[in-house]
Amino acid sequence: MSAAGEHAAAPSAQAAAPQPQHGSLARFAGLAPLLAACLWGGMYVVSRASFDAIPPITLGLLRVTIGGLTLWLILRLTARRAGQAAASTHAPGDRWRFLLLGGTLAATIITQFWGTALASAHDGALLTTITPVFVVPIAWVVLRERPGWRVVAGTGLALAGVIIVVAANVDSGSASSGSSLLGDALLLVSALCWALFTVLGAPVVRRRSALVASTYATLWCILLLLPFVPVELAQRPIGTMTPTLALAVLYLGWGATSLAWFFWYKGVERLDAAVAAVFFFAQPLVGGLLSALFLHETLSPGFWLGGLVLAGGIILASLQKPSRPGDS
């Protein structure tokens, strides 16, 4: 092979999909989606402070703008340090894949924020974590990642733990109203959209990288959310900006978006999509622990029982061996 041929082969080798992880390394890879779930769990605490001052879609745009520009800057600095230009180039069809992922992100944010505003606290805390239930069948159909019994049982066990945690720590005396039912429906759509973002992004993540996929998907999401903001602000302007509100928005942008979305796709890069998705259930557990730590809320025995059940489900699912086509 000529020198030119050797140089041409190098980028393709670097762009190859990551090798499947086995044993202890695969379990270590689960730390990435777990960290993402922890960052999202922190939103339970942060959002209680002052998010009523910003309408939902505008808040979503601020979030993805801060997060997307941060990811883009990191991507550029990483590529420059490595002496590569490939971070800004795409294979044929990548642009449309990133546009599709950006669309699912925009739909997720719109339906999640609107649904949270309309749904009851009990339903909202539960339905925002239902994504793994959608990921398992979608990953089976789209990625041919057949869920083993550990994934199925672990997902069911973790879901049971979430229900126990939510039931033990959210008042359930309010009756359902029309707006609450609409909020529930929007939250289910949001969970489905995030499941699609997880599964449809898996091939791009494994072929390129978690950083590239999350960056360009987020940048497309900014463009798709932008037209909705003037309409929303015409009906509901932004309230008074306070230091607490500014810090909360920064947390949403840096913690719950740039870091969390990168960690989430890092887990999908290394694990089966259904296995990574089980860690999504950790959000209400983390939110409850942070509420107890920073807001001095009391945690009931049911919270700890649900936490144990939830942790058992996550551990069980994480023991599943990779089932991607061609894996041993």
# chains A, B, ... in the order shown; residues from 1 in each chain; ligands from 1
$ residues_around --residues "Val135 (chain A)" --least-positions-apart "5" --cutoff "9 Å" --atoms "only C-alpha atoms" --output "compact mmCIF listing (two decimals) with N, CA and C atoms, in the first residue's frame"
# COMPACT_ATOMS: atom_id res chain seq x y z
N TRP A 140 -35.28 -2.86 19.35
CA TRP A 140 -35.38 -4.21 18.81
C TRP A 140 -35.72 -4.15 17.32
N LEU A 192 -41.73 9.35 24.17
CA LEU A 192 -41.57 8.64 22.90
C LEU A 192 -40.54 9.35 22.01
N TRP A 194 -38.00 11.21 22.98
CA TRP A 194 -36.64 10.99 23.50
C TRP A 194 -36.19 9.56 23.21
N ALA A 195 -37.10 8.61 23.23
CA ALA A 195 -36.75 7.24 22.85
C ALA A 195 -36.30 7.18 21.39
N LEU A 196 -37.00 7.91 20.52
CA LEU A 196 -36.60 7.96 19.11
C LEU A 196 -35.24 8.63 18.96
N THR A 198 -32.87 8.59 21.11
CA THR A 198 -31.89 7.61 21.60
C THR A 198 -31.59 6.56 20.56
N VAL A 199 -32.63 5.97 19.98
CA VAL A 199 -32.45 4.84 19.07
C VAL A 199 -31.97 5.30 17.69
N ALA A 273 -28.86 0.19 23.28
CA ALA A 273 -29.72 1.34 23.59
C ALA A 273 -30.65 1.05 24.75
N ALA A 274 -31.22 -0.16 24.80
CA ALA A 274 -32.16 -0.50 25.87
C ALA A 274 -31.46 -0.56 27.22
N ALA A 277 -30.82 2.98 28.33
CA ALA A 277 -32.07 3.66 28.66
C ALA A 277 -32.55 3.36 30.07
$ residues_around --residues "Thr298 (chain A)" --least-positions-apart "3" --cutoff "10 Å" --atoms "only C-alpha atoms" --output "PyMOL selection string"
chain A and resi 169+288-289+291-293+295+301+303
$ write_last_selection --atoms "N, CA and C atoms" --output "mmCIF file, in the first residue's frame"
data_model
loop_
_atom_site.group_PDB
_atom_site.id
_atom_site.type_symbol
_atom_site.label_atom_id
_atom_site.label_comp_id
_atom_site.auth_asym_id
_atom_site.auth_seq_id
_atom_site.Cartn_x
_atom_site.Cartn_y
_atom_site.Cartn_z
ATOM 1 N N ASN A 169 -43.667 10.070 47.517
ATOM 2 C CA ASN A 169 -43.174 11.427 47.735
ATOM 3 C C ASN A 169 -43.942 12.516 47.013
ATOM 4 N N GLY A 288 -35.037 13.255 44.364
ATOM 5 C CA GLY A 288 -35.458 13.172 45.757
ATOM 6 C C GLY A 288 -34.302 13.343 46.721
ATOM 7 N N LEU A 289 -33.159 12.720 46.407
ATOM 8 C CA LEU A 289 -31.992 12.847 47.271
ATOM 9 C C LEU A 289 -31.477 14.282 47.316
ATOM 10 N N SER A 291 -33.279 16.958 46.723
ATOM 11 C CA SER A 291 -34.278 17.758 47.438
ATOM 12 C C SER A 291 -34.089 17.644 48.942
ATOM 13 N N ALA A 292 -33.768 16.436 49.400
ATOM 14 C CA ALA A 292 -33.522 16.244 50.825
ATOM 15 C C ALA A 292 -32.253 16.968 51.265
ATOM 16 N N LEU A 293 -31.254 16.985 50.372
ATOM 17 C CA LEU A 293 -29.970 17.580 50.735
ATOM 18 C C LEU A 293 -30.019 19.104 50.728
ATOM 19 N N LEU A 295 -33.007 21.153 49.852
ATOM 20 C CA LEU A 295 -34.277 21.768 50.230
ATOM 21 C C LEU A 295 -34.789 21.256 51.568
ATOM 22 N N PRO A 301 -40.064 6.216 54.128
ATOM 23 C CA PRO A 301 -39.544 4.850 53.942
ATOM 24 C C PRO A 301 -39.840 4.301 52.552
ATOM 25 N N PHE A 303 -39.714 5.884 49.807
ATOM 26 C CA PHE A 303 -38.689 6.378 48.890
ATOM 27 C C PHE A 303 -37.485 5.449 48.885
#
$ closest_residue --among "A:Leu71, A:Val204, A:Ala217, A:Val231" --to "Gly93 (chain A)" --atoms "only C-alpha atoms"
A:Val204
$ residues_around --residues "Thr257 (chain A)" --least-positions-apart "3" --cutoff "10 Å" --atoms "only C-alpha atoms" --output "VMD selection string"
chain A and resid 36 39 to 40 63 to 68 70 to 71 214 218 250 to 254 260 to 264
$ residues_around --residues "Leu61 (chain A)" --least-positions-apart "5" --cutoff "7 Å" --atoms "only C-alpha atoms" --output "PyMOL selection string"
chain A and resi 222+225-226
$ residues_around --residues "Leu224 (chain A)" --least-positions-apart "3" --cutoff "9 Å" --atoms "only C-alpha atoms" --output "list in words"
Gly102, Gly103, Ala106, Leu219, Trp220, Cys221, Pro227 and Phe228 of chain A
$ select_by_dssp --residues "region 95-174 of chain A" --states "alpha helix (DSSP H)" --output "ChimeraX atom specification"
/A:95-118,121-127,131-142,149-169
